[in-house]
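First comes the structure, then the notes that go with it.
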Amino acid sequence: MIAAGLRGKSIPDPNGETLADGAQRLLAGWGRTIPTRARVRRVAGPDDVGAVFGTVWPRGVLARGLGRSYGDAAQNAGGEVLDMTSLQRVHGLDLERGTVVVDAGASIDALIRLLLPFGWFLPVSPGTRYVTVGGAIASDIHGKNHHRDGSFCEHVSAFVLQTPAGERMDVTPQGRPDVFWATAGGMGLTGVILSATLQLLRVQTSHMRVVTQRTADLHDTMARMAAGDGVHRYSVAWIDCLAPGRRLGRSVLLGADHATVEDLPAPSRSSALVRSSPRGLAAPCWIADGLVNRMSVAAFNEAYFRRAPRKRHIAIRPLDRFFYPLDSVRRWNRLYGPRGFLQYHFVVPFGCEDAIRGALERLNNGGCPSFLAVLKRFGGQQGMLSFPMPGWTLAFDVPATAPGLAALLDGLDLLVAEAGGRVYLAKDSRLRPELLEAMYPRLAGWRAIREQLDPDRVMRSDLARRLGLAG
Ligand SMILES: Cc1cc2nc3c(=O)[nH]c(=O)nc-3n(C[C@H](O)[C@H](O)[C@H](O)COP(=O)(O)OP(=O)(O)OC[C@H]3O[C@@H](n4cnc5c(N)ncnc54)[C@H](O)[C@@H]3O)c2cc1C
């Protein structure tokens, strides 16, 4: 067992700066669409959180991690925001059992640097490594292996929650299932997560064995993904969402597993767990509005599709390249220009494949430029407000300035709700409150638990106000 801080480079907020302590700051999500001003307080230790809750704040309090939620989930206009990113001590590491006890402000990037040399990895990893443990629990994030391993919180065996009512609770899924599954996916509205115990995944190497295939259309993509469920731990399809007509839904389909030592070429086997340092370019901040237009995006999508091998192809790739391809361009969110962009991310139950087809058709016909859409398969749902449910999940990015975008996405909301699906709150910046209960049927139960934990409604966010989330 060890107790130490996670050293490493500081990771800036999406605003591009490290947050100053106690100052009023304009805060945005990764999409940079609806920034609002709040007073930001840096949390250096758990007692700082308790101290903040000792005072009455008219506009409430909210914890913020690395600001990688796309919309307004980590904003609290006119209120207090606790920057958790300095709280990153490692309290314990059990290399036999594969568990780590770590502060909530530690990033996935820092954890990989700590754990991988010992042959351990996180069992659920999102599309960026710049996410904190607190943010991962609050959004109950998923990876490319949800169909097999579930979401992040299914691998959390305990966390410490500071409630606004002043209680510091040790929460486990067995001891307090109500509090655990209301906080998992609860978007930071049940209190502040201070630390967590994570169960880890044993790996032999820092590489992935990736099987790449091109698919002809949506039917082909879905059929191959369904057939691959039991074959690969990870699976994802990058769909060219601008391919029209019969080619609609054509994709580059990746199935992957952690490479074994035998998978590596002989000279690399002695350094199997050494991580190839993920270097990257930085996106320039002077990119003008309009660079991301239908023509440039269609050309990119076509090139991406053509670059993929025609026939099924197996390759050994560094882990970072498979899990976090976008992290190699720092601040790529600026490519969309100063008005920002939205990610529309939804899930519909299995059996509602037509809703996925309908969404792609509408996106295509609507003329919105969208880079590759991401299609994945989900297993079950545990958290009361967790996004995943058994079904198909699709995500695509669009510039906030795209003509007709509001009407297109409003229409998609209805399509998704009618199919019994939902949009992801961690990515949302525009859903209307009327659809929330239909999309999240356990909302009333969640509100009742939140009421017990936060009777004075101290925890608030722009997302919660916009959607009337907390009742
Ligand atoms: C490029 C990219 C790829 C992504 N890929 C995926 C993906 O594959 N799967 C997926 O599920 N998500 C994905 N995401 C979304 C991201 O994982 C979530 O939004 C995550 O919550 C961000 O963590 P964060 O530390 O940046 O939290 P923030 O964005 O700062 O906050 C998110 C929420 O967590 C709450 N919160 C943060 N810290 C605490 C704490 N200590 N206590 C209580 N509440 C807290 C905040 O109040 C807020 O409600 C992606 C995001 C990006 C930018």
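Each chain in the structure tokens gets a letter, A, B, ..., in the order shown, and its residues are numbered from 1; ligands are numbered from 1 in order too.
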
Contacts with ligand 1 at most 7 Å, only C-alpha atoms and all ligand atoms counted, listed as a tab-separated table (two decimals) with N, CA and C atoms, in the first residue's frame:
```
chain	number	residue	atom	x	y	z
A	29	GLY	N	-17.95	23.99	-21.39
A	29	GLY	CA	-17.70	22.56	-21.58
A	29	GLY	C	-16.82	22.38	-22.80
A	30	TRP	N	-16.58	21.12	-23.16
A	30	TRP	CA	-15.67	20.83	-24.27
A	30	TRP	C	-16.20	21.40	-25.60
A	62	LEU	N	-20.96	23.42	-7.04
A	62	LEU	CA	-20.82	22.27	-7.95
A	62	LEU	C	-19.35	21.88	-8.04
A	63	ALA	N	-19.08	20.56	-8.09
A	63	ALA	CA	-17.70	20.10	-8.33
A	63	ALA	C	-17.45	20.07	-9.84
A	64	ARG	N	-16.19	20.36	-10.21
A	64	ARG	CA	-15.80	20.30	-11.62
A	64	ARG	C	-14.49	19.53	-11.72
A	65	GLY	N	-14.42	18.64	-12.72
A	65	GLY	CA	-13.18	17.91	-12.97
A	65	GLY	C	-12.40	18.61	-14.07
A	66	LEU	N	-12.15	17.90	-15.16
A	66	LEU	CA	-11.35	18.47	-16.25
A	66	LEU	C	-12.20	19.13	-17.33
A	67	GLY	N	-13.48	19.29	-17.06
A	67	GLY	CA	-14.34	20.03	-17.99
A	67	GLY	C	-14.50	19.34	-19.34
A	68	ARG	N	-14.45	18.00	-19.34
A	68	ARG	CA	-14.59	17.28	-20.62
A	68	ARG	C	-16.03	16.93	-20.94
A	69	SER	N	-16.97	17.25	-20.07
A	69	SER	CA	-18.36	17.11	-20.50
A	69	SER	C	-18.58	18.19	-21.57
A	70	TYR	N	-19.39	17.88	-22.54
A	70	TYR	CA	-19.47	18.77	-23.71
A	70	TYR	C	-20.32	20.01	-23.47
A	73	ALA	N	-22.83	20.67	-17.96
A	73	ALA	CA	-22.91	19.84	-16.75
A	73	ALA	C	-21.96	20.30	-15.66
A	74	ALA	N	-20.82	20.89	-16.04
A	74	ALA	CA	-19.80	21.27	-15.05
A	74	ALA	C	-19.75	22.79	-14.87
A	84	MET	N	-11.64	20.37	-8.72
A	84	MET	CA	-11.18	19.19	-7.98
A	84	MET	C	-9.82	18.67	-8.47
A	104	ALA	N	-10.50	11.94	-6.07
A	104	ALA	CA	-11.42	12.10	-7.20
A	104	ALA	C	-10.89	13.01	-8.31
A	105	GLY	N	-9.87	13.83	-8.00
A	105	GLY	CA	-9.35	14.74	-9.02
A	105	GLY	C	-8.28	14.11	-9.91
A	125	SER	N	-12.68	2.77	-20.15
A	125	SER	CA	-11.92	3.95	-20.54
A	125	SER	C	-12.69	4.71	-21.62
A	126	PRO	N	-12.91	6.02	-21.42
A	126	PRO	CA	-13.65	6.78	-22.44
A	126	PRO	C	-12.75	7.16	-23.61
A	127	GLY	N	-13.26	8.00	-24.51
A	127	GLY	CA	-12.51	8.37	-25.71
A	127	GLY	C	-11.45	9.44	-25.48
A	128	THR	N	-11.28	9.88	-24.24
A	128	THR	CA	-10.18	10.78	-23.90
A	128	THR	C	-9.62	10.36	-22.55
A	130	TYR	N	-8.25	12.51	-20.56
A	130	TYR	CA	-8.28	13.71	-19.72
A	130	TYR	C	-9.63	13.86	-19.04
A	131	VAL	N	-9.94	12.87	-18.22
A	131	VAL	CA	-11.18	12.82	-17.46
A	131	VAL	C	-10.80	12.47	-16.04
A	132	THR	N	-11.41	13.12	-15.04
A	132	THR	CA	-11.08	12.76	-13.65
A	132	THR	C	-11.92	11.58	-13.18
A	133	VAL	N	-11.46	10.98	-12.08
A	133	VAL	CA	-12.23	9.86	-11.49
A	133	VAL	C	-13.60	10.37	-11.02
A	134	GLY	N	-13.64	11.57	-10.43
A	134	GLY	CA	-14.93	12.14	-9.98
A	134	GLY	C	-15.87	12.35	-11.16
A	135	GLY	N	-15.33	12.89	-12.26
A	135	GLY	CA	-16.16	13.12	-13.46
A	135	GLY	C	-16.62	11.80	-14.06
A	136	ALA	N	-15.76	10.79	-13.99
A	136	ALA	CA	-16.11	9.48	-14.55
A	136	ALA	C	-17.25	8.83	-13.75
A	138	ALA	N	-19.45	10.59	-11.77
A	138	ALA	CA	-20.65	11.44	-11.85
A	138	ALA	C	-21.39	11.25	-13.18
A	139	SER	N	-20.66	10.89	-14.26
A	139	SER	CA	-21.32	10.64	-15.55
A	139	SER	C	-21.47	9.14	-15.79
A	140	ASP	N	-21.01	8.33	-14.86
A	140	ASP	CA	-20.98	6.85	-15.04
A	140	ASP	C	-20.58	6.52	-16.48
A	141	ILE	N	-19.39	6.90	-16.82
A	141	ILE	CA	-18.95	6.84	-18.23
A	141	ILE	C	-18.83	5.40	-18.73
A	142	HIS	N	-18.83	5.28	-20.03
A	142	HIS	CA	-18.70	3.96	-20.67
A	142	HIS	C	-17.53	4.01	-21.65
A	143	GLY	N	-17.10	2.82	-22.07
A	143	GLY	CA	-16.05	2.74	-23.08
A	143	GLY	C	-16.54	1.96	-24.28
A	144	LYS	N	-15.59	1.40	-25.02
A	144	LYS	CA	-15.95	0.62	-26.22
A	144	LYS	C	-16.25	-0.83	-25.85
A	187	MET	N	-24.51	13.22	-12.06
A	187	MET	CA	-24.07	14.51	-12.59
A	187	MET	C	-23.68	15.51	-11.48
A	188	GLY	N	-23.06	14.99	-10.42
A	188	GLY	CA	-22.51	15.85	-9.37
A	188	GLY	C	-23.55	16.46	-8.47
A	189	LEU	N	-24.81	15.99	-8.52
A	189	LEU	CA	-25.88	16.68	-7.80
A	189	LEU	C	-26.24	16.03	-6.47
A	191	GLY	N	-23.65	15.45	-4.16
A	191	GLY	CA	-22.58	15.84	-3.25
A	191	GLY	C	-21.25	15.83	-4.00
A	192	VAL	N	-20.16	15.92	-3.25
A	192	VAL	CA	-18.84	15.95	-3.89
A	192	VAL	C	-18.13	14.63	-3.59
A	193	ILE	N	-17.72	13.95	-4.65
A	193	ILE	CA	-16.96	12.70	-4.48
A	193	ILE	C	-15.52	13.09	-4.16
A	194	LEU	N	-15.00	12.55	-3.05
A	194	LEU	CA	-13.65	12.94	-2.62
A	194	LEU	C	-12.61	11.93	-3.10
A	326	LEU	N	-8.27	11.00	-30.49
A	326	LEU	CA	-8.44	12.45	-30.60
A	326	LEU	C	-7.49	13.22	-29.69
A	327	ASP	N	-6.98	12.56	-28.66
A	327	ASP	CA	-6.08	13.26	-27.74
A	327	ASP	C	-4.76	13.64	-28.40
A	426	ALA	N	-24.13	14.04	-20.07
A	426	ALA	CA	-22.75	14.56	-20.03
A	426	ALA	C	-22.36	15.23	-21.35
A	427	LYS	N	-23.13	14.98	-22.40
A	427	LYS	CA	-22.82	15.60	-23.69
A	427	LYS	C	-23.83	16.69	-24.05
```

Practice problem: List every residue of segment 332-395 of chain A that DSSP, applied to the backbone, labels as alpha helix (DSSP H), and write the result as a ChimeraX atom specification. | Solution: /A:353-365

Exercise. Going by DSSP on the backbone, which bits of segment 7-214 of chain A are strand (DSSP E or B)? Write them as a ChimeraX atom specification, please.
Key: /A:23-27,36-42,61-64,80-83,89-94,99-103,107,120-121,132,156-162,168-171,192-199,201-202,207-214

Quiz prompt | For Val347 of chain A: contacts at 9 Å, only C-alpha atoms, fewer than 6 positions along chain excluded, given as a ChimeraX atom specification | solution = /A:356,377-378,387-395,416,420-424

Each segment 316-394 of chain A residue no farther than 12 Å from segment 443-458 of chain A, nearest pair in Å, only C-alpha atoms, as a tab-separated table:
```
residue	atom	partner	partner_atom	distance
A:Gly383	CA	A:Trp446	CA	9.3
A:Met384	CA	A:Trp446	CA	6.1
A:Leu385	CA	A:Leu443	CA	6.8
A:Ser386	CA	A:Leu443	CA	10.4
```

Let me see the file: selected residues, N, CA and C atoms, as a short mmCIF file (atom, residue, chain, number, x, y, z; two decimals), in the first residue's frame.
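After the write, part.cif holds the following:
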```
data_model
loop_
_atom_site.label_atom_id
_atom_site.label_comp_id
_atom_site.auth_asym_id
_atom_site.auth_seq_id
_atom_site.Cartn_x
_atom_site.Cartn_y
_atom_site.Cartn_z
N GLY A 383 -26.91 2.63 -12.79
CA GLY A 383 -27.17 3.90 -12.12
C GLY A 383 -28.54 4.44 -12.48
N MET A 384 -29.17 5.14 -11.54
CA MET A 384 -30.54 5.61 -11.76
C MET A 384 -30.61 6.60 -12.91
N LEU A 385 -29.57 7.43 -13.06
CA LEU A 385 -29.53 8.38 -14.18
C LEU A 385 -28.43 8.02 -15.17
N SER A 386 -27.88 6.81 -15.08
CA SER A 386 -26.82 6.44 -16.02
C SER A 386 -27.37 6.42 -17.43
#
```

Self-check item: Near-Pro117 of chain A list (8 Å; only C-alpha atoms; drop same-chain fewer than 3 positions) as a count of residues only
Solution: 5

Quiz prompt | Best match for closeness to Asn293 of chain A among A:Arg312, A:Pro399, A:Leu201, A:Leu360, counting only C-alpha atoms | solution =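 Under the stated criterion, the closest residue is A:Pro399.
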
Quiz prompt | Given only C-alpha atoms as the counted atoms, nearest of A:Ala272, A:Arg233, A:Pro349, A:His219 to Arg246 of chain A | solution =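 Closest residue, counting only C-alpha atoms: A:His219.
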
Quiz item: If we count only C-alpha atoms, what is near Ser429 of chain A at a cut-off of 8 Å, once residues fewer than 4 positions away on the same chain are taken out, given as a list in words?
Solution: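 Here the qualifying residues turn out to be Thr33, Ile34, Tyr70, Gly71, Asp72, Leu342 and Leu463 of chain A.
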